[in-house]
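Input: a single structure, listed below in structure tokens.
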Amino acid sequence: MQATIHSLYRYPVKSMGGDTLNSTALNAKGIPGDRCWTVKDEERGGIKGGKRFPQLMGMHAELEHEPDALTPSPPVTIRLPDQSSTHSKDPNVNQALSKAIGSPVSLWPLLPADQLEHYKRPPNPENFDQMAYFRELFARAEDEPLPDLSTFPKELFIYESSPGTYFDAFPLLIMTTASLHAMSAASSESNFDVRRFRPNIVLDTDADGFVENEWVGKRLQLGSAVLLINAICPRCVMTTHGFADLPKDPKVMRHLVQQNDGNLGVYASVEKPGDIKLGDNVEWLSSDSSATAG
């Protein structure tokens, strides 16, 4: 199967809109500057994104400069839904975000991985219904199965994200034009715009259908970087939210469940850091990690 990099995306603030890239480095934490800021819920506690605050998806974040070793979270400008702007250096940034969201929040850069309390999930309320919570989170109807979460890091049941990161699961999310075309062909009543699915890397391929499903456990080279495909990505309620010119559409998840068990794309981690750019070809590697030694 032939595939090339079709598009690259970086989202400086978790759940906010970001920008396309022509090229980027990849390191152990994925694309530098990706999800390097987040908001915390000052009412219920915890690191939160668009699942809790869908208003975030209507905001846009832009880094002031590229990250480096000393500033993994560079200052960021945030355009709010009403087209006004705020900035991470503005002493009133939390008030501006809280007003736009309608709930008290605070903006946070990445903290070191040993700051465990920052990343820890808040305790569940009394009479917490875990099944109902997961059905709401993954936008699953009563007769639809919940995703298999056994492939995800166990620490995610303790922490909102792996300490030292603001990713939901793994550093990179990869999709193909084939899977987007498959969903669009299956349903003309919903708009399967790539913005709903927030990938980092979109690959253009000559294959058809949900080709990513067969990639789990495989290794690939993009540019000078080597990636490991960790897990299929189960989709959640965020894909149904309306923002910008996209309407709210619960049917997006209904179609995803019917066509691909609610999944779309795959998560990946960086096995060997390197540089990638638009047009780079995918080279599939053996499962022997020694193949990239040196």
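Naming works like this for the structure tokens: A, B, ... for the chains as they're shown, residue 1 at the start of each chain, ligands 1 onward in shown order.
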
Could you list, with a cut-off of 8 Å and counting only C-alpha atoms, the residues of stretch 204-262 of chain A near stretch 267-283 of chain A, each shown with its nearest atom pair and the distance in Å rounded to one decimal, rows sorted by chain and ascending number, as a Markdown table?
```
| residue | atom | partner | partner_atom | distance |
| --- | --- | --- | --- | --- |
| A:Leu220 | CA | A:Glu283 | CA | 5.5 |
| A:Gln221 | CA | A:Glu283 | CA | 5.0 |
| A:Leu222 | CA | A:Val282 | CA | 5.4 |
| A:Gly223 | CA | A:Ile276 | CA | 4.7 |
| A:Ser224 | CA | A:Gly274 | CA | 4.6 |
| A:Ala225 | CA | A:Gly274 | CA | 4.0 |
| A:Val226 | CA | A:Lys272 | CA | 4.8 |
| A:Leu227 | CA | A:Val270 | CA | 4.6 |
| A:Leu228 | CA | A:Ser269 | CA | 5.4 |
| A:Ile229 | CA | A:Ala268 | CA | 4.3 |
| A:Asn230 | CA | A:Ala268 | CA | 5.1 |
| A:Ala231 | CA | A:Tyr267 | CA | 5.3 |
| A:Ile232 | CA | A:Tyr267 | CA | 6.2 |
| A:Cys233 | CA | A:Tyr267 | CA | 6.1 |
```

Those residues you just picked out, can you put them in a file as a CSV table (one decimal), in the first residue's frame with N, CA and C atoms?
```csv
chain,number,residue,atom,x,y,z
A,220,LEU,N,6.4,2.1,11.0
A,220,LEU,CA,6.5,2.8,9.7
A,220,LEU,C,7.5,3.9,9.8
A,221,GLN,N,8.1,4.2,8.7
A,221,GLN,CA,9.0,5.4,8.7
A,221,GLN,C,8.4,6.5,7.9
A,222,LEU,N,8.4,7.7,8.4
A,222,LEU,CA,8.0,8.9,7.7
A,222,LEU,C,9.2,9.9,7.8
A,223,GLY,N,9.6,10.3,6.7
A,223,GLY,CA,10.8,11.1,6.7
A,223,GLY,C,12.0,10.4,7.4
A,224,SER,N,12.6,11.1,8.4
A,224,SER,CA,13.6,10.4,9.2
A,224,SER,C,13.1,9.9,10.5
A,225,ALA,N,11.8,9.9,10.7
A,225,ALA,CA,11.2,9.4,12.0
A,225,ALA,C,10.6,8.0,11.8
A,226,VAL,N,10.6,7.3,12.9
A,226,VAL,CA,10.0,5.9,12.9
A,226,VAL,C,8.9,6.0,13.9
A,227,LEU,N,7.7,5.5,13.5
A,227,LEU,CA,6.6,5.5,14.4
A,227,LEU,C,6.1,4.1,14.7
A,228,LEU,N,5.5,3.9,15.8
A,228,LEU,CA,4.8,2.6,16.2
A,228,LEU,C,3.3,2.9,16.3
A,229,ILE,N,2.5,2.1,15.6
A,229,ILE,CA,1.1,2.3,15.7
A,229,ILE,C,0.6,1.5,17.0
A,230,ASN,N,0.0,2.3,17.9
A,230,ASN,CA,-0.3,1.7,19.2
A,230,ASN,C,-1.7,1.1,19.4
A,231,ALA,N,-2.7,1.8,18.8
A,231,ALA,CA,-4.1,1.4,19.0
A,231,ALA,C,-5.0,2.1,18.1
A,232,ILE,N,-6.1,1.5,17.8
A,232,ILE,CA,-7.2,2.1,17.1
A,232,ILE,C,-7.8,3.2,17.9
A,233,CYS,N,-8.3,4.3,17.3
A,233,CYS,CA,-8.8,5.4,18.0
A,233,CYS,C,-10.3,5.4,18.1
```

Sorted per-residue table, stretch 234-292 of chain A near stretch 179-183 of chain A, closest atoms and distance, 9 Å, only C-alpha atoms, as a Markdown table:
```
| residue | atom | partner | partner_atom | distance |
| --- | --- | --- | --- | --- |
| A:His255 | CA | A:Met183 | CA | 7.7 |
| A:Leu256 | CA | A:Met183 | CA | 7.4 |
| A:Gln259 | CA | A:Met183 | CA | 7.5 |
| A:Asn260 | CA | A:Met183 | CA | 9.0 |
| A:Leu264 | CA | A:Ser179 | CA | 7.2 |
| A:Gly265 | CA | A:Ser179 | CA | 7.7 |
```

Output for the residues just chosen: C-alpha atoms as a PDB file, in the first residue's frame:
```pdb
ATOM      1  CA  HIS A 255     -22.620   6.456  11.389  1.00  0.00           C
ATOM      2  CA  LEU A 256     -19.175   5.798  12.852  1.00  0.00           C
ATOM      3  CA  GLN A 259     -19.548   1.685   9.663  1.00  0.00           C
ATOM      4  CA  ASN A 260     -16.463   1.102  11.841  1.00  0.00           C
ATOM      5  CA  LEU A 264     -11.600   6.359  13.093  1.00  0.00           C
ATOM      6  CA  GLY A 265      -7.829   6.600  12.785  1.00  0.00           C
TER       7      GLY A 265
END
```

Taking the DSSP secondary structure from the backbone, can you list the residues of stretch 26-271 of chain A that are strand (DSSP E), as a short mmCIF file (atom, residue, chain, number, x, y, z; two decimals) with C-alpha atoms, in the first residue's frame?
```
data_model
loop_
_atom_site.label_atom_id
_atom_site.label_comp_id
_atom_site.auth_asym_id
_atom_site.auth_seq_id
_atom_site.Cartn_x
_atom_site.Cartn_y
_atom_site.Cartn_z
CA LEU A 26 8.78 14.57 15.78
CA TRP A 37 -1.43 24.12 26.97
CA THR A 38 -4.73 23.07 28.53
CA VAL A 39 -7.57 24.38 30.65
CA LYS A 40 -8.46 23.07 34.08
CA ASP A 41 -11.98 22.93 35.44
CA ILE A 47 -7.69 18.84 33.14
CA LYS A 48 -10.57 19.18 30.69
CA HIS A 60 -8.23 29.04 17.89
CA ALA A 61 -4.74 28.96 19.39
CA GLU A 62 -1.47 30.18 17.87
CA LEU A 63 1.98 29.93 19.44
CA VAL A 76 -0.04 31.52 23.02
CA THR A 77 -2.66 33.83 21.52
CA ILE A 78 -6.24 32.56 21.74
CA ARG A 79 -9.01 33.80 19.47
CA SER A 85 -8.49 37.59 21.50
CA THR A 86 -6.72 36.89 24.75
CA HIS A 87 -3.16 35.84 25.51
CA VAL A 105 -11.50 27.57 34.13
CA SER A 106 -7.79 28.33 34.21
CA LEU A 107 -5.12 28.07 31.49
CA TRP A 108 -2.07 25.92 32.19
CA PRO A 109 1.21 25.19 30.40
CA LEU A 172 0.09 11.24 17.63
CA LEU A 173 -3.22 10.63 15.90
CA ILE A 174 -3.01 9.40 12.31
CA MET A 175 -5.85 9.20 9.78
CA THR A 176 -6.10 8.52 6.06
CA ILE A 201 -1.09 13.42 10.40
CA VAL A 202 -3.37 12.65 7.46
CA LEU A 203 -2.00 10.16 4.93
CA ASP A 204 -3.13 10.04 1.33
CA THR A 205 -3.34 6.42 0.19
CA ARG A 219 6.06 0.24 12.46
CA LEU A 220 6.51 2.81 9.74
CA GLN A 221 9.04 5.38 8.67
CA LEU A 222 7.99 8.90 7.74
CA ALA A 225 11.21 9.43 11.98
CA VAL A 226 10.01 5.95 12.90
CA LEU A 227 6.55 5.49 14.40
CA LEU A 228 4.82 2.62 16.18
CA ILE A 229 1.06 2.27 15.72
CA ASN A 230 -0.28 1.69 19.23
CA ALA A 231 -4.07 1.44 19.04
CA ILE A 232 -7.21 2.14 17.05
CA CYS A 233 -8.81 5.44 18.03
CA PRO A 234 -12.32 5.11 19.51
CA ASN A 263 -13.46 4.08 15.48
CA LEU A 264 -11.60 6.36 13.09
CA GLY A 265 -7.83 6.60 12.78
CA VAL A 266 -5.02 5.20 14.93
CA TYR A 267 -2.82 6.39 17.76
CA ALA A 268 0.94 6.28 17.36
CA SER A 269 4.08 6.90 19.36
CA VAL A 270 7.51 8.01 18.17
CA GLU A 271 10.04 5.21 18.26
#
```

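One distance worth recording is that between atom CA of A:Pro171 and atom CA of A:Asn191, which is 26.2 Å.
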
Exercise for the section: Would you list the contacts of A:Gly164 as a PyMOL selection string, taking every protein, DNA or RNA residue within 9 Å and counting only C-alpha atoms, but skipping same-chain residues closer than 4 positions in sequence? Expected result: chain A and resi 110-116+119

Could you save those same residues with C-alpha atoms as an mmCIF file, in the first residue's frame?
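Generated output (again_13.cif):
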```cif
data_model
loop_
_atom_site.group_PDB
_atom_site.id
_atom_site.type_symbol
_atom_site.label_atom_id
_atom_site.label_comp_id
_atom_site.auth_asym_id
_atom_site.auth_seq_id
_atom_site.Cartn_x
_atom_site.Cartn_y
_atom_site.Cartn_z
ATOM 1 C CA LEU A 110 2.806 21.760 30.565
ATOM 2 C CA LEU A 111 4.123 20.934 34.014
ATOM 3 C CA PRO A 112 6.869 18.384 34.725
ATOM 4 C CA ALA A 113 5.785 14.754 34.794
ATOM 5 C CA ASP A 114 6.549 14.502 38.512
ATOM 6 C CA GLN A 115 3.814 17.047 39.325
ATOM 7 C CA LEU A 116 1.344 14.201 39.689
ATOM 8 C CA TYR A 119 -2.517 15.520 36.250
#
```

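Distances here use only C-alpha atoms; by that measure, the residue among A:Met16, A:Ala28, A:Leu8, A:Met57 closest to A:Gly242 is A:Met57.
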